[in-house]
Amino acid sequence: MSTKVVTGKVRFSYAYLFTPQEALGGGDPKYSVTLLIPKSDTATLQKIRKAIAEAAEAFRQKNGAASLPTTPKHPLRDGDGLKDDGEAYGPECKGCYVLKVRSKQKPVVVDAFGNAITDPAEVYGGSYGRASITFFGYNTAGSKGVGAALLAVQKLHDGEPFGTVGSADDFNDGYTDASGDDDGFLS
């Protein structure tokens, strides 16, 4: 049984690969990325579904048949549907499945040639790549299901960034200080 999956080409969203982030509800900070998997990538989706089923079965074998429901919760969501809170996913999720993966351990982050990426700005929401992930069963604090852990990320190429991105060129607009007195600004 293998619960490890290396995806085909996906789009990254909410990429926190260099500095762990605390979840909205609190808890330990984790590295994470949301993967937008095209619905047309049936090979990756089949591997993910198989790994989810195998992780659930391995957990049941270790912890008893009643340790997980027959159809456990899992992190793979339909981007054309609604989030758990009832809100619609953003337009970037249309035609994709959405999979949020996390890890307490810093993931390996490499470029298309396998070279380490050290600049956090290099992998961003909107860029394209692949991810190595693993699935695991859990039964904690009344919540039962299958989760996904992030192992590694490979950036393949740039894409249109999600959201607004600034640059140094934003300030090349000919602005001059009308007062001309910069000496006393912070006094």
# chains A, B, ... in the order shown; residues from 1 in each chain; ligands from 1
>>> select_by_dssp(residues="chain A", states="strand (DSSP E)", output="PyMOL selection string")
chain A and resi 4-6+10-21+30-38+76-78+96-103+108-110+128-140+143-157
>>> residues_around(residues="Ala23 of chain A", least_positions_apart="6", cutoff="12 Å", atoms="only C-alpha atoms", output="PyMOL selection string")
chain A and resi 16+29-32+102-104
>>> write_last_selection(atoms="N, CA, C and O atoms", output="PDB file, in the first residue's frame")
ATOM      1  N   TYR A  16       2.710  28.725   1.328  1.00  0.00           N
ATOM      2  CA  TYR A  16       3.504  29.061   2.512  1.00  0.00           C
ATOM      3  C   TYR A  16       4.543  27.959   2.672  1.00  0.00           C
ATOM      4  O   TYR A  16       4.420  27.075   3.509  1.00  0.00           O
ATOM      5  N   PRO A  29       1.974  26.285  13.903  1.00  0.00           N
ATOM      6  CA  PRO A  29       2.237  26.786  12.546  1.00  0.00           C
ATOM      7  C   PRO A  29       2.678  25.643  11.635  1.00  0.00           C
ATOM      8  O   PRO A  29       3.392  24.736  12.064  1.00  0.00           O
ATOM      9  N   LYS A  30       2.227  25.699  10.380  1.00  0.00           N
ATOM     10  CA  LYS A  30       2.573  24.657   9.411  1.00  0.00           C
ATOM     11  C   LYS A  30       2.903  25.281   8.061  1.00  0.00           C
ATOM     12  O   LYS A  30       2.408  26.337   7.721  1.00  0.00           O
ATOM     13  N   TYR A  31       3.714  24.565   7.321  1.00  0.00           N
ATOM     14  CA  TYR A  31       3.968  24.896   5.922  1.00  0.00           C
ATOM     15  C   TYR A  31       2.775  24.357   5.143  1.00  0.00           C
ATOM     16  O   TYR A  31       2.223  23.308   5.490  1.00  0.00           O
ATOM     17  N   SER A  32       2.372  25.056   4.095  1.00  0.00           N
ATOM     18  CA  SER A  32       1.211  24.567   3.352  1.00  0.00           C
ATOM     19  C   SER A  32       1.164  25.157   1.953  1.00  0.00           C
ATOM     20  O   SER A  32       1.807  26.167   1.656  1.00  0.00           O
ATOM     21  N   ARG A 102      -0.470  20.211   4.064  1.00  0.00           N
ATOM     22  CA  ARG A 102       0.296  20.891   5.116  1.00  0.00           C
ATOM     23  C   ARG A 102       1.368  19.969   5.663  1.00  0.00           C
ATOM     24  O   ARG A 102       1.293  18.764   5.508  1.00  0.00           O
ATOM     25  N   SER A 103       2.297  20.597   6.398  1.00  0.00           N
ATOM     26  CA  SER A 103       3.325  19.820   7.063  1.00  0.00           C
ATOM     27  C   SER A 103       3.959  20.649   8.161  1.00  0.00           C
ATOM     28  O   SER A 103       4.150  21.857   8.007  1.00  0.00           O
ATOM     29  N   LYS A 104       4.302  19.983   9.264  1.00  0.00           N
ATOM     30  CA  LYS A 104       5.091  20.652  10.304  1.00  0.00           C
ATOM     31  C   LYS A 104       6.538  20.790   9.849  1.00  0.00           C
ATOM     32  O   LYS A 104       7.240  21.687  10.270  1.00  0.00           O
TER      33      LYS A 104
END
>>> residues_around(residues="Gly79 of chain A", least_positions_apart="4", cutoff="8 Å", atoms="only C-alpha atoms", output="list in words")
Tyr89, Gly90, Cys93, Lys94, Gly95, Cys96, Tyr97 and Val98 of chain A
>>> write_last_selection(atoms="N, CA, C and O atoms", output="PDB file, in the first residue's frame")
ATOM      1  N   TYR A  89     -15.946  28.686  -4.207  1.00  0.00           N
ATOM      2  CA  TYR A  89     -14.511  28.831  -4.441  1.00  0.00           C
ATOM      3  C   TYR A  89     -14.294  29.981  -5.419  1.00  0.00           C
ATOM      4  O   TYR A  89     -15.194  30.341  -6.179  1.00  0.00           O
ATOM      5  N   GLY A  90     -13.088  30.546  -5.436  1.00  0.00           N
ATOM      6  CA  GLY A  90     -12.755  31.631  -6.345  1.00  0.00           C
ATOM      7  C   GLY A  90     -12.703  31.162  -7.787  1.00  0.00           C
ATOM      8  O   GLY A  90     -12.658  29.953  -8.065  1.00  0.00           O
ATOM      9  N   CYS A  93     -10.356  28.419  -9.183  1.00  0.00           N
ATOM     10  CA  CYS A  93     -10.617  27.012  -8.842  1.00  0.00           C
ATOM     11  C   CYS A  93     -11.558  26.316  -9.818  1.00  0.00           C
ATOM     12  O   CYS A  93     -11.715  25.094  -9.766  1.00  0.00           O
ATOM     13  N   LYS A  94     -12.193  27.080 -10.688  1.00  0.00           N
ATOM     14  CA  LYS A  94     -13.157  26.500 -11.625  1.00  0.00           C
ATOM     15  C   LYS A  94     -12.464  25.500 -12.547  1.00  0.00           C
ATOM     16  O   LYS A  94     -11.365  25.738 -13.038  1.00  0.00           O
ATOM     17  N   GLY A  95     -13.114  24.356 -12.742  1.00  0.00           N
ATOM     18  CA  GLY A  95     -12.545  23.315 -13.598  1.00  0.00           C
ATOM     19  C   GLY A  95     -11.431  22.528 -12.924  1.00  0.00           C
ATOM     20  O   GLY A  95     -10.720  21.775 -13.581  1.00  0.00           O
ATOM     21  N   CYS A  96     -11.279  22.707 -11.603  1.00  0.00           N
ATOM     22  CA  CYS A  96     -10.210  22.037 -10.860  1.00  0.00           C
ATOM     23  C   CYS A  96     -10.757  21.375  -9.601  1.00  0.00           C
ATOM     24  O   CYS A  96     -11.818  21.740  -9.107  1.00  0.00           O
ATOM     25  N   TYR A  97      -9.983  20.436  -9.094  1.00  0.00           N
ATOM     26  CA  TYR A  97     -10.163  19.973  -7.728  1.00  0.00           C
ATOM     27  C   TYR A  97      -9.177  20.744  -6.873  1.00  0.00           C
ATOM     28  O   TYR A  97      -8.098  21.140  -7.334  1.00  0.00           O
ATOM     29  N   VAL A  98      -9.551  20.989  -5.626  1.00  0.00           N
ATOM     30  CA  VAL A  98      -8.764  21.789  -4.697  1.00  0.00           C
ATOM     31  C   VAL A  98      -8.282  20.865  -3.582  1.00  0.00           C
ATOM     32  O   VAL A  98      -9.077  20.137  -2.982  1.00  0.00           O
TER      33      VAL A  98
END
>>> residues_around(residues="segment 122-132 of chain A", least_positions_apart="5", cutoff="6 Å", atoms="only C-alpha atoms", output="MDAnalysis selection string")
chainID A and resid 5:15 151:162
>>> write_last_selection(atoms="N, CA and C atoms", output="CSV table (one decimal), in the first residue's frame")
chain,number,residue,atom,x,y,z
A,5,VAL,N,1.8,10.3,-3.3
A,5,VAL,CA,1.4,10.6,-4.6
A,5,VAL,C,2.3,11.8,-5.1
A,6,VAL,N,2.8,11.7,-6.3
A,6,VAL,CA,3.4,12.8,-7.0
A,6,VAL,C,2.5,13.3,-8.0
A,7,THR,N,2.0,14.5,-8.0
A,7,THR,CA,1.0,15.0,-8.9
A,7,THR,C,1.5,15.2,-10.3
A,8,GLY,N,0.6,15.4,-11.2
A,8,GLY,CA,1.0,16.0,-12.5
A,8,GLY,C,1.1,17.5,-12.3
A,9,LYS,N,1.0,18.3,-13.4
A,9,LYS,CA,1.1,19.7,-13.3
A,9,LYS,C,-0.1,20.3,-12.6
A,10,VAL,N,0.1,21.1,-11.6
A,10,VAL,CA,-1.0,21.7,-10.8
A,10,VAL,C,-0.7,23.2,-10.7
A,11,ARG,N,-1.6,24.0,-10.2
A,11,ARG,CA,-1.4,25.4,-10.0
A,11,ARG,C,-1.3,25.6,-8.5
A,12,PHE,N,-0.4,26.4,-8.0
A,12,PHE,CA,-0.3,26.7,-6.6
A,12,PHE,C,-1.1,27.9,-6.1
A,13,SER,N,-1.7,27.8,-5.0
A,13,SER,CA,-2.4,28.9,-4.3
A,13,SER,C,-2.0,28.9,-2.9
A,14,TYR,N,-2.0,30.0,-2.2
A,14,TYR,CA,-1.7,30.1,-0.8
A,14,TYR,C,-0.5,29.3,-0.5
A,15,ALA,N,0.6,29.6,-1.1
A,15,ALA,CA,1.9,28.9,-0.9
A,15,ALA,C,2.7,29.5,0.2
A,151,LEU,N,5.2,16.9,1.2
A,151,LEU,CA,6.6,16.4,1.3
A,151,LEU,C,7.5,17.3,0.5
A,152,ALA,N,7.2,17.7,-0.7
A,152,ALA,CA,8.1,18.4,-1.6
A,152,ALA,C,7.2,19.1,-2.7
A,153,VAL,N,7.8,20.2,-3.2
A,153,VAL,CA,7.2,21.0,-4.3
A,153,VAL,C,8.3,21.2,-5.4
A,154,GLN,N,7.8,21.1,-6.6
A,154,GLN,CA,8.7,21.4,-7.8
A,154,GLN,C,8.0,22.5,-8.6
A,155,LYS,N,8.6,23.6,-8.7
A,155,LYS,CA,8.0,24.7,-9.6
A,155,LYS,C,8.4,24.4,-11.0
A,156,LEU,N,7.4,24.4,-11.9
A,156,LEU,CA,7.7,24.1,-13.3
A,156,LEU,C,7.9,25.4,-14.1
A,157,HIS,N,6.9,26.4,-13.8
A,157,HIS,CA,7.0,27.6,-14.5
A,157,HIS,C,6.1,28.7,-13.9
A,158,ASP,N,6.4,29.9,-14.3
A,158,ASP,CA,5.6,31.0,-13.7
A,158,ASP,C,4.2,31.0,-14.3
A,159,GLY,N,3.3,31.7,-13.7
A,159,GLY,CA,1.9,31.9,-14.2
A,159,GLY,C,1.4,33.2,-13.7
A,160,GLU,N,0.2,33.6,-14.2
A,160,GLU,CA,-0.4,34.9,-13.8
A,160,GLU,C,-0.6,34.8,-12.3
A,161,PRO,N,0.0,35.7,-11.5
A,161,PRO,CA,-0.2,35.7,-10.0
A,161,PRO,C,-1.6,36.0,-9.6
A,162,PHE,N,-2.1,35.3,-8.6
A,162,PHE,CA,-3.4,35.5,-8.0
A,162,PHE,C,-3.3,36.8,-7.2
>>> atom_distance(atom1="atom CA of Ala168 of chain A", atom2="atom CA of Val109 of chain A")
26.5 Å
>>> closest_residue(among="A:Pro38, A:Gly25, A:Gly64, A:Pro69", to="Lys144 of chain A", atoms="only C-alpha atoms")
A:Pro69
>>> atom_distance(atom1="atom CA of Ala58 of chain A", atom2="atom CA of Thr3 of chain A")
9.4 Å
>>> select_by_dssp(residues="segment 57-111 of chain A", states="helix (DSSP H, G or I)", output="PyMOL selection string")
chain A and resi 57-63+65-67+91-93
>>> write_last_selection(atoms="all heavy atoms", output="compact mmCIF listing (two decimals), in the first residue's frame")
# COMPACT_ATOMS: atom_id res chain seq x y z
N GLU A 57 -7.85 2.60 4.80
CA GLU A 57 -7.79 1.16 5.09
C GLU A 57 -6.63 0.86 6.04
O GLU A 57 -6.79 0.08 6.99
CB GLU A 57 -7.65 0.36 3.80
CG GLU A 57 -7.65 -1.14 4.01
CD GLU A 57 -8.87 -1.67 4.74
OE1 GLU A 57 -9.97 -1.09 4.61
OE2 GLU A 57 -8.74 -2.67 5.46
N ALA A 58 -5.48 1.44 5.83
CA ALA A 58 -4.33 1.21 6.72
C ALA A 58 -4.65 1.69 8.13
O ALA A 58 -4.29 1.03 9.11
CB ALA A 58 -3.09 1.93 6.17
N PHE A 59 -5.34 2.82 8.25
CA PHE A 59 -5.71 3.34 9.57
C PHE A 59 -6.69 2.40 10.25
O PHE A 59 -6.57 2.13 11.45
CB PHE A 59 -6.29 4.75 9.42
CG PHE A 59 -6.45 5.46 10.73
CD1 PHE A 59 -5.38 6.10 11.32
CD2 PHE A 59 -7.68 5.49 11.39
CE1 PHE A 59 -5.51 6.76 12.52
CE2 PHE A 59 -7.83 6.14 12.59
CZ PHE A 59 -6.73 6.78 13.17
N ARG A 60 -7.67 1.90 9.51
CA ARG A 60 -8.64 0.96 10.08
C ARG A 60 -7.97 -0.34 10.53
O ARG A 60 -8.31 -0.89 11.58
CB ARG A 60 -9.74 0.65 9.07
CG ARG A 60 -10.74 1.76 8.88
CD ARG A 60 -11.90 1.30 7.99
NE ARG A 60 -12.63 2.44 7.51
CZ ARG A 60 -12.49 2.98 6.29
NH1 ARG A 60 -11.69 2.44 5.40
NH2 ARG A 60 -13.18 4.05 5.96
N GLN A 61 -7.04 -0.84 9.73
CA GLN A 61 -6.34 -2.07 10.08
C GLN A 61 -5.54 -1.89 11.38
O GLN A 61 -5.48 -2.79 12.20
CB GLN A 61 -5.41 -2.52 8.96
CG GLN A 61 -6.15 -3.13 7.79
CD GLN A 61 -5.21 -3.55 6.66
OE1 GLN A 61 -3.99 -3.47 6.77
NE2 GLN A 61 -5.79 -4.00 5.56
N LYS A 62 -4.96 -0.74 11.56
CA LYS A 62 -4.15 -0.47 12.75
C LYS A 62 -5.00 -0.14 13.97
O LYS A 62 -4.66 -0.51 15.09
CB LYS A 62 -3.19 0.69 12.46
CG LYS A 62 -2.25 1.01 13.59
CD LYS A 62 -1.29 2.12 13.22
CE LYS A 62 -0.37 2.44 14.37
NZ LYS A 62 0.50 3.55 14.08
N ASN A 63 -6.14 0.56 13.76
CA ASN A 63 -6.91 1.10 14.89
C ASN A 63 -8.31 0.51 15.05
O ASN A 63 -9.07 0.98 15.89
CB ASN A 63 -7.02 2.62 14.74
CG ASN A 63 -5.67 3.28 14.76
OD1 ASN A 63 -5.02 3.32 15.79
ND2 ASN A 63 -5.22 3.75 13.61
N ALA A 65 -11.86 -1.39 12.85
CA ALA A 65 -12.79 -1.07 11.75
C ALA A 65 -13.63 0.18 12.03
O ALA A 65 -13.98 0.91 11.11
CB ALA A 65 -13.70 -2.26 11.47
N ALA A 66 -13.94 0.43 13.31
CA ALA A 66 -14.79 1.58 13.64
C ALA A 66 -14.00 2.88 13.83
O ALA A 66 -14.58 3.91 14.15
CB ALA A 66 -15.58 1.28 14.91
N SER A 67 -12.68 2.84 13.61
CA SER A 67 -11.86 4.03 13.83
C SER A 67 -12.12 5.14 12.81
O SER A 67 -11.86 6.31 13.08
CB SER A 67 -10.38 3.68 13.84
OG SER A 67 -9.99 3.13 12.59
N PRO A 91 -12.68 32.10 -8.72
CA PRO A 91 -12.69 31.74 -10.15
C PRO A 91 -11.47 30.92 -10.58
O PRO A 91 -11.56 30.14 -11.53
CB PRO A 91 -12.72 33.10 -10.86
CG PRO A 91 -12.30 34.10 -9.85
CD PRO A 91 -12.65 33.54 -8.51
N GLU A 92 -10.35 31.05 -9.87
CA GLU A 92 -9.16 30.28 -10.21
C GLU A 92 -9.35 28.78 -9.97
O GLU A 92 -8.62 27.95 -10.51
CB GLU A 92 -7.94 30.78 -9.43
CG GLU A 92 -7.97 30.52 -7.94
CD GLU A 92 -8.80 31.50 -7.13
OE1 GLU A 92 -9.42 32.43 -7.69
OE2 GLU A 92 -8.81 31.34 -5.90
N CYS A 93 -10.36 28.42 -9.18
CA CYS A 93 -10.62 27.01 -8.84
C CYS A 93 -11.56 26.32 -9.82
O CYS A 93 -11.71 25.09 -9.77
CB CYS A 93 -11.19 26.92 -7.42
SG CYS A 93 -10.09 27.57 -6.16
>>> closest_residue(among="A:Leu150, A:His74, A:Leu17, A:Leu36", to="Tyr138 of chain A", atoms="only C-alpha atoms")
A:His74
>>> atom_distance(atom1="atom CA of Glu54 of chain A", atom2="atom CA of Thr140 of chain A")
19.1 Å
>>> residues_around(residues="Leu76 of chain A", least_positions_apart="3", cutoff="12 Å", atoms="only C-alpha atoms", output="PyMOL selection string")
chain A and resi 34-37+39+44-46+48-49+51-52+72-73+79+81+83-84+96-101+135+145-148
